[in-house]
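A.B. asks: Have a look at this one before I ask anything.
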Amino acid sequence: MSRRTDFVYSDKQEPHRLRTRKILQQHPEVRQLIGKNKYTFFAILGLVLFQCILAWVVRDSSWWIVIGAAYLLGAFADHSLFVMIHECAHHLLFKSRAANRLAGILANLPQLFPSSISFERYHIKHHSFQGVHELDADLPNRWEARLINNYFFGKVIWLLFYPLFQTFRISRLREIKPFDKWVALNFAAEAVFIAAIWYWLGPKAVTYLLLSFCFSVGLHPLGARWVQEHYLTDDQNQETHSYYGWLNLVAFNVGHHNEHHDFPSIPWNKLPRIRQTAPEYYNTLYYHTSWFALFFRFLFDKEISLYHRIVRKERGKVALTDQSTPDRDLVAKSSTEAVVTVE
């Protein structure tokens, strides 16, 4: 790779829907993995309780303990809560859309920033319109990429303030409605939670939760996940990478990102089985085995910048209202065609 001063432009559609179709044709047994996992709700309850208990434990501790606990423990818990929010965004817990959203709001509480409902809205568009700059919030702004450039300190700043940079991207996504009653409920629930923690546990408990959130998405080896997923770290044509390291054990398999984009209707606990069933589609792709190694590589490698992303104008035939369930849609279509053929 060489230093870039602009994004990588593609005139092709994103690759996942085509691969989904091929895998379903060659490995129809994969369709049995599609479904819900209601037990994920208990993971949400456990993680929220874990963060609240740790906030209580450090409420009267020294600031060094507060910071250390947030970096070494809280960051991993909050990162896992992000994965839970992600599952709720894809409605992979319950049949009811409202129940999934309420579960996402619950998972969001210890993170202090009301983002669960907004994440669902923008993340689904990221799946449906991967690489389309006016609809994919995962893509950096052009000014963002110019600002950070290839510099070590620029990348440090980017990771340190990653949630803020994501917020700045919303203004360019004008086709997506940013606010409704669900977003308002998310904000209200978060305000009540923060007030309760401050009143009952004090400012150090709130600071612990705030730092846990910042470390979970920012200047921490866990922050390498944002680079791992869609940055062109190995090949100019492969725009999605998976991570197959041991941290998937505590990150609920979120590293299986190619698999997730191919089959967004399959819950976290069954994602590894996609690769096991169709290894010829995944073992031939570049993938990462260490977030720690990627974290430091991203910081120090001047040939990797925010410009190392694929951008496209081709939306295909996907409607703006698409809910990003290509796997479920294809299964339903094939079942309908089979019934028609029999009749």
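Ordered as shown in the structure tokens, chains take letters A, B, and onward, while each chain numbers its residues from 1 and ligands are numbered from 1 in the order shown.
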Quick one: residues within 8 Å of segment 109-114 of chain A, only C-alpha atoms counted, chain neighbours fewer than 6 positions away excluded, as a compact mmCIF listing (two decimals) with all heavy atoms, in the first residue's frame?
C.D. replies:
```txt
# COMPACT_ATOMS: atom_id res chain seq x y z
N VAL A 48 -24.85 -4.88 32.71
CA VAL A 48 -25.32 -3.64 33.34
C VAL A 48 -25.09 -3.72 34.85
O VAL A 48 -24.62 -2.76 35.48
CB VAL A 48 -26.81 -3.39 33.03
CG1 VAL A 48 -27.35 -2.23 33.87
CG2 VAL A 48 -26.98 -3.08 31.54
N GLN A 51 -21.34 -3.30 35.72
CA GLN A 51 -20.89 -1.91 35.67
C GLN A 51 -21.40 -1.12 36.87
O GLN A 51 -20.67 -0.28 37.43
CB GLN A 51 -21.32 -1.25 34.37
CG GLN A 51 -20.47 -1.63 33.16
CD GLN A 51 -19.04 -1.17 33.28
OE1 GLN A 51 -18.24 -1.77 34.01
NE2 GLN A 51 -18.71 -0.10 32.58
N CYS A 52 -22.63 -1.36 37.26
CA CYS A 52 -23.19 -0.65 38.42
C CYS A 52 -22.46 -1.05 39.71
O CYS A 52 -22.18 -0.21 40.57
CB CYS A 52 -24.68 -0.93 38.55
SG CYS A 52 -25.69 -0.16 37.25
N ASP A 78 -18.15 -2.36 28.73
CA ASP A 78 -18.87 -1.44 27.85
C ASP A 78 -18.79 -1.86 26.39
O ASP A 78 -19.74 -1.70 25.62
CB ASP A 78 -18.31 -0.02 28.02
CG ASP A 78 -19.16 0.81 28.96
OD1 ASP A 78 -19.92 0.21 29.74
OD2 ASP A 78 -19.07 2.05 28.92
N VAL A 183 -35.96 7.92 20.26
CA VAL A 183 -34.73 8.64 20.63
C VAL A 183 -34.97 9.45 21.90
O VAL A 183 -34.12 9.50 22.80
CB VAL A 183 -34.27 9.56 19.47
CG1 VAL A 183 -33.06 10.38 19.89
CG2 VAL A 183 -33.95 8.73 18.23
N ASN A 186 -34.85 7.19 24.86
CA ASN A 186 -33.45 6.85 25.11
C ASN A 186 -32.76 7.95 25.93
O ASN A 186 -32.07 7.68 26.92
CB ASN A 186 -32.74 6.63 23.78
CG ASN A 186 -31.44 5.85 23.89
OD1 ASN A 186 -30.85 5.46 22.88
ND2 ASN A 186 -30.96 5.62 25.10
N PHE A 187 -32.98 9.21 25.54
CA PHE A 187 -32.40 10.34 26.25
C PHE A 187 -32.96 10.44 27.66
O PHE A 187 -32.21 10.68 28.63
CB PHE A 187 -32.68 11.64 25.49
CG PHE A 187 -31.65 11.99 24.46
CD1 PHE A 187 -31.63 11.33 23.23
CD2 PHE A 187 -30.69 12.95 24.70
CE1 PHE A 187 -30.67 11.64 22.27
CE2 PHE A 187 -29.73 13.27 23.76
CZ PHE A 187 -29.71 12.61 22.53
N ALA A 189 -34.32 8.06 29.60
CA ALA A 189 -33.85 6.96 30.43
C ALA A 189 -32.42 7.19 30.89
O ALA A 189 -32.07 6.95 32.06
CB ALA A 189 -33.95 5.64 29.66
N GLU A 190 -31.58 7.70 29.98
CA GLU A 190 -30.19 7.97 30.32
C GLU A 190 -30.08 9.07 31.35
O GLU A 190 -29.25 9.00 32.29
CB GLU A 190 -29.42 8.34 29.06
CG GLU A 190 -27.92 8.12 29.15
CD GLU A 190 -27.56 6.65 29.27
OE1 GLU A 190 -27.80 5.89 28.32
OE2 GLU A 190 -27.02 6.27 30.33
N PHE A 193 -30.94 7.67 34.75
CA PHE A 193 -29.87 6.79 35.23
C PHE A 193 -28.68 7.58 35.76
O PHE A 193 -28.16 7.30 36.85
CB PHE A 193 -29.43 5.86 34.10
CG PHE A 193 -28.31 4.92 34.49
CD1 PHE A 193 -28.58 3.75 35.17
CD2 PHE A 193 -26.99 5.22 34.16
CE1 PHE A 193 -27.54 2.89 35.53
CE2 PHE A 193 -25.96 4.37 34.51
CZ PHE A 193 -26.24 3.20 35.20
N ILE A 194 -28.24 8.57 35.00
CA ILE A 194 -27.09 9.39 35.42
C ILE A 194 -27.40 10.11 36.73
O ILE A 194 -26.56 10.16 37.65
CB ILE A 194 -26.72 10.40 34.32
CG1 ILE A 194 -26.19 9.67 33.08
CG2 ILE A 194 -25.66 11.39 34.84
CD1 ILE A 194 -25.98 10.57 31.89
N LEU A 209 -17.84 5.31 34.99
CA LEU A 209 -18.68 4.91 33.86
C LEU A 209 -18.32 5.70 32.60
O LEU A 209 -18.29 5.14 31.50
CB LEU A 209 -20.15 5.10 34.21
CG LEU A 209 -20.70 4.19 35.31
CD1 LEU A 209 -22.15 4.57 35.64
CD2 LEU A 209 -20.63 2.72 34.90
N LEU A 210 -18.05 6.99 32.77
CA LEU A 210 -17.68 7.82 31.63
C LEU A 210 -16.37 7.34 31.01
O LEU A 210 -16.25 7.21 29.78
CB LEU A 210 -17.56 9.28 32.06
CG LEU A 210 -17.07 10.27 31.00
CD1 LEU A 210 -18.07 10.34 29.85
CD2 LEU A 210 -16.88 11.66 31.61
N SER A 212 -15.02 4.36 31.29
CA SER A 212 -15.24 3.03 30.71
C SER A 212 -15.75 3.16 29.28
O SER A 212 -15.30 2.46 28.37
CB SER A 212 -16.24 2.23 31.55
OG SER A 212 -15.73 1.96 32.83
N PHE A 213 -16.69 4.07 29.09
CA PHE A 213 -17.25 4.29 27.75
C PHE A 213 -16.16 4.81 26.81
O PHE A 213 -16.01 4.29 25.69
CB PHE A 213 -18.38 5.31 27.84
CG PHE A 213 -18.82 5.83 26.49
CD1 PHE A 213 -19.65 5.08 25.67
CD2 PHE A 213 -18.38 7.06 26.03
CE1 PHE A 213 -20.03 5.55 24.42
CE2 PHE A 213 -18.77 7.54 24.80
CZ PHE A 213 -19.59 6.78 23.99
```
A.B. asks: Which polymer residues have any atom within 7 Å of an atom of Val311 of chain A, counting only C-alpha atoms, with same-chain residues fewer than 2 positions away left out, as a PyMOL selection string?
C.D. replies: chain A and resi 7-10+131-133+309
A.B. asks: List the spatial neighbours of segment 25-41 of chain A as a ChimeraX atom specification - criterion: any atom at most 6 Å away, only C-alpha atoms, same-chain residues fewer than 2 positions off excluded.
C.D. replies: /A:22-23,43-44,92-94,265-266
A.B. asks: Hey, which of A:Leu106, A:Ile197, A:Glu259, A:Leu320 ends up closest to Leu47 of chain A? Count only C-alpha atoms.
C.D. replies: A:Leu106
A.B. asks: Quick check, in Å to one decimal: how far apart do atom CA of Lys317 of chain A and atom CA of Phe129 of chain A lie?
C.D. replies: 10.4 Å
A.B. asks: Write out as a compact mmCIF listing (two decimals) with all heavy atoms, in the first residue's frame each polymer residue whose atoms come within 9 Å of Lys155 of chain A, counting only C-alpha atoms; drop sequence neighbours fewer than 4 positions from it.
C.D. replies:
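The resulting part_2.txt:
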```
# COMPACT_ATOMS: atom_id res chain seq x y z
N ILE A 148 -6.93 14.11 10.24
CA ILE A 148 -6.15 13.06 10.90
C ILE A 148 -4.93 12.68 10.08
O ILE A 148 -3.85 12.41 10.62
CB ILE A 148 -7.04 11.82 11.16
CG1 ILE A 148 -8.25 12.21 12.00
CG2 ILE A 148 -6.25 10.72 11.82
CD1 ILE A 148 -7.95 12.96 13.26
N ASN A 149 -5.11 12.61 8.75
CA ASN A 149 -4.04 12.30 7.82
C ASN A 149 -3.35 11.00 8.21
O ASN A 149 -3.98 10.08 8.68
CB ASN A 149 -3.04 13.47 7.75
CG ASN A 149 -2.37 13.58 6.41
OD1 ASN A 149 -1.86 12.60 5.87
ND2 ASN A 149 -2.36 14.79 5.84
N ASN A 150 -2.04 10.91 8.01
CA ASN A 150 -1.28 9.69 8.32
C ASN A 150 -0.53 9.81 9.64
O ASN A 150 0.26 8.93 9.97
CB ASN A 150 -0.25 9.40 7.21
CG ASN A 150 -0.87 9.29 5.84
OD1 ASN A 150 -1.26 10.30 5.26
ND2 ASN A 150 -0.98 8.08 5.33
N TYR A 151 -0.77 10.86 10.40
CA TYR A 151 0.07 11.17 11.54
C TYR A 151 -0.29 10.38 12.80
O TYR A 151 -1.47 10.17 13.10
CB TYR A 151 0.02 12.66 11.84
CG TYR A 151 0.37 13.53 10.67
CD1 TYR A 151 -0.49 14.52 10.23
CD2 TYR A 151 1.57 13.34 9.98
CE1 TYR A 151 -0.18 15.32 9.14
CE2 TYR A 151 1.90 14.14 8.89
CZ TYR A 151 1.02 15.12 8.48
OH TYR A 151 1.33 15.90 7.39
N LEU A 159 -8.87 8.35 17.82
CA LEU A 159 -9.34 7.29 18.71
C LEU A 159 -9.83 7.84 20.04
O LEU A 159 -10.83 7.38 20.59
CB LEU A 159 -8.22 6.26 18.94
CG LEU A 159 -7.91 5.33 17.78
CD1 LEU A 159 -6.67 4.49 18.08
CD2 LEU A 159 -9.10 4.42 17.48
N LEU A 160 -9.13 8.86 20.55
CA LEU A 160 -9.49 9.44 21.83
C LEU A 160 -10.87 10.08 21.79
O LEU A 160 -11.64 10.01 22.75
CB LEU A 160 -8.43 10.46 22.25
CG LEU A 160 -8.45 10.95 23.71
CD1 LEU A 160 -8.24 9.78 24.66
CD2 LEU A 160 -7.37 12.00 23.92
N PHE A 298 -1.92 0.48 13.38
CA PHE A 298 -2.68 1.63 12.91
C PHE A 298 -2.04 2.94 13.37
O PHE A 298 -1.91 3.89 12.59
CB PHE A 298 -4.12 1.54 13.40
CG PHE A 298 -4.95 2.77 13.11
CD1 PHE A 298 -5.33 3.08 11.81
CD2 PHE A 298 -5.34 3.62 14.14
CE1 PHE A 298 -6.09 4.21 11.54
CE2 PHE A 298 -6.10 4.75 13.88
CZ PHE A 298 -6.47 5.06 12.58
N LEU A 299 -1.62 2.99 14.62
CA LEU A 299 -1.05 4.22 15.16
C LEU A 299 0.28 4.59 14.50
O LEU A 299 0.52 5.77 14.21
CB LEU A 299 -0.86 4.09 16.68
CG LEU A 299 -2.12 4.09 17.54
CD1 LEU A 299 -1.74 3.90 19.01
CD2 LEU A 299 -2.90 5.40 17.37
N PHE A 300 1.11 3.60 14.25
CA PHE A 300 2.48 3.89 13.82
C PHE A 300 2.71 3.74 12.31
O PHE A 300 3.70 4.27 11.79
CB PHE A 300 3.47 3.00 14.57
CG PHE A 300 3.62 3.36 16.03
CD1 PHE A 300 2.93 2.65 16.99
CD2 PHE A 300 4.42 4.42 16.42
CE1 PHE A 300 3.05 2.98 18.34
CE2 PHE A 300 4.56 4.76 17.76
CZ PHE A 300 3.86 4.04 18.72
N SER A 305 -4.31 5.28 6.72
CA SER A 305 -4.98 6.51 7.14
C SER A 305 -6.48 6.31 7.02
O SER A 305 -6.96 5.25 6.62
CB SER A 305 -4.55 7.68 6.25
OG SER A 305 -5.12 7.57 4.96
N LEU A 306 -7.24 7.33 7.37
CA LEU A 306 -8.70 7.24 7.27
C LEU A 306 -9.17 7.20 5.82
O LEU A 306 -10.32 6.88 5.55
CB LEU A 306 -9.37 8.42 8.00
CG LEU A 306 -9.06 8.59 9.48
CD1 LEU A 306 -10.06 9.55 10.11
CD2 LEU A 306 -9.07 7.26 10.22
```
A.B. asks: Running DSSP on the backbone, which parts of segment 155-323 of chain A land in helix (DSSP H, G or I), as a ChimeraX atom specification?
C.D. replies: /A:155-160,162-172,181-201,203-217,221-230,246-249,257-262,268-277,279-282,291-300
A.B. asks: Could you check how far atom CA of Gly202 of chain A sits from atom CA of Asn108 of chain A, in Å to one decimal?
C.D. replies: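 The value is 19.7 Å.
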A.B. asks: One number please: atom CA of Ala278 of chain A to atom CA of Val254 of chain A, in Å, one decimal.
C.D. replies: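 Computing the Euclidean distance for atom CA of Ala278 of chain A and atom CA of Val254 of chain A yields 18.3 Å.
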A.B. asks: With only C-alpha atoms as the counted atoms, please give the residues lying no more than 7 Å from Gly104 of chain A, apart from itself and same-chain residues fewer than 2 positions off, as a VMD selection string.
C.D. replies: chain A and resid 85 88 100 to 102 106 to 108 116
A.B. asks: Set the distance at 12 Å and use only C-alpha atoms: which residues neighbour Val57 of chain A once local chain neighbours fewer than 6 positions away are removed? I'd like the list as a compact mmCIF listing (two decimals) with N, CA and C atoms, in the first residue's frame.
C.D. replies:
```
# COMPACT_ATOMS: atom_id res chain seq x y z
N PHE A 50 -22.89 -5.59 36.38
CA PHE A 50 -21.44 -5.57 36.59
C PHE A 50 -20.92 -4.14 36.64
N GLN A 51 -21.34 -3.30 35.72
CA GLN A 51 -20.89 -1.91 35.67
C GLN A 51 -21.40 -1.12 36.87
N ILE A 65 -7.25 4.36 40.92
CA ILE A 65 -8.03 3.13 40.91
C ILE A 65 -9.24 3.27 39.98
N VAL A 66 -9.87 4.43 40.02
CA VAL A 66 -11.01 4.69 39.15
C VAL A 66 -10.59 4.55 37.68
N ALA A 69 -9.50 0.84 36.88
CA ALA A 69 -10.66 -0.06 36.78
C ALA A 69 -11.41 0.16 35.48
N ALA A 70 -11.51 1.41 35.07
CA ALA A 70 -12.20 1.72 33.82
C ALA A 70 -11.45 1.16 32.62
N LEU A 201 -24.30 7.27 44.34
CA LEU A 201 -22.91 6.81 44.38
C LEU A 201 -21.87 7.91 44.27
N GLY A 202 -22.23 9.06 43.72
CA GLY A 202 -21.31 10.19 43.70
C GLY A 202 -20.56 10.36 42.39
N LYS A 204 -17.36 10.11 41.48
CA LYS A 204 -16.35 9.14 41.04
C LYS A 204 -16.98 7.95 40.34
N ALA A 205 -18.15 7.56 40.79
CA ALA A 205 -18.86 6.46 40.13
C ALA A 205 -19.26 6.86 38.71
N VAL A 206 -19.74 8.09 38.55
CA VAL A 206 -20.10 8.59 37.22
C VAL A 206 -18.86 8.69 36.35
N TYR A 208 -16.15 6.90 36.59
CA TYR A 208 -15.76 5.54 36.20
C TYR A 208 -16.54 5.09 34.97
N LEU A 209 -17.84 5.31 34.99
CA LEU A 209 -18.68 4.91 33.86
C LEU A 209 -18.32 5.70 32.60
```
A.B. asks: Which of these residues is nearest to Lys302 of chain A, using only C-alpha atoms: A:Arg3, A:Arg172, A:Asp329, A:Pro203?
C.D. replies: A:Arg3
A.B. asks: What's around Ser171 of chain A at 12 Å? Count only C-alpha atoms, leave out sequence neighbours fewer than 3 positions away in its own chain, and write the answer as a list in words.
C.D. replies: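 The residues satisfying every condition are Tyr122, His133, Glu134, Leu135, Asp136, Ala137, Asn141, Phe165, Gln166, Thr167, Phe168, Arg174, Glu175, Ile176, Lys177 and Pro178 of chain A.
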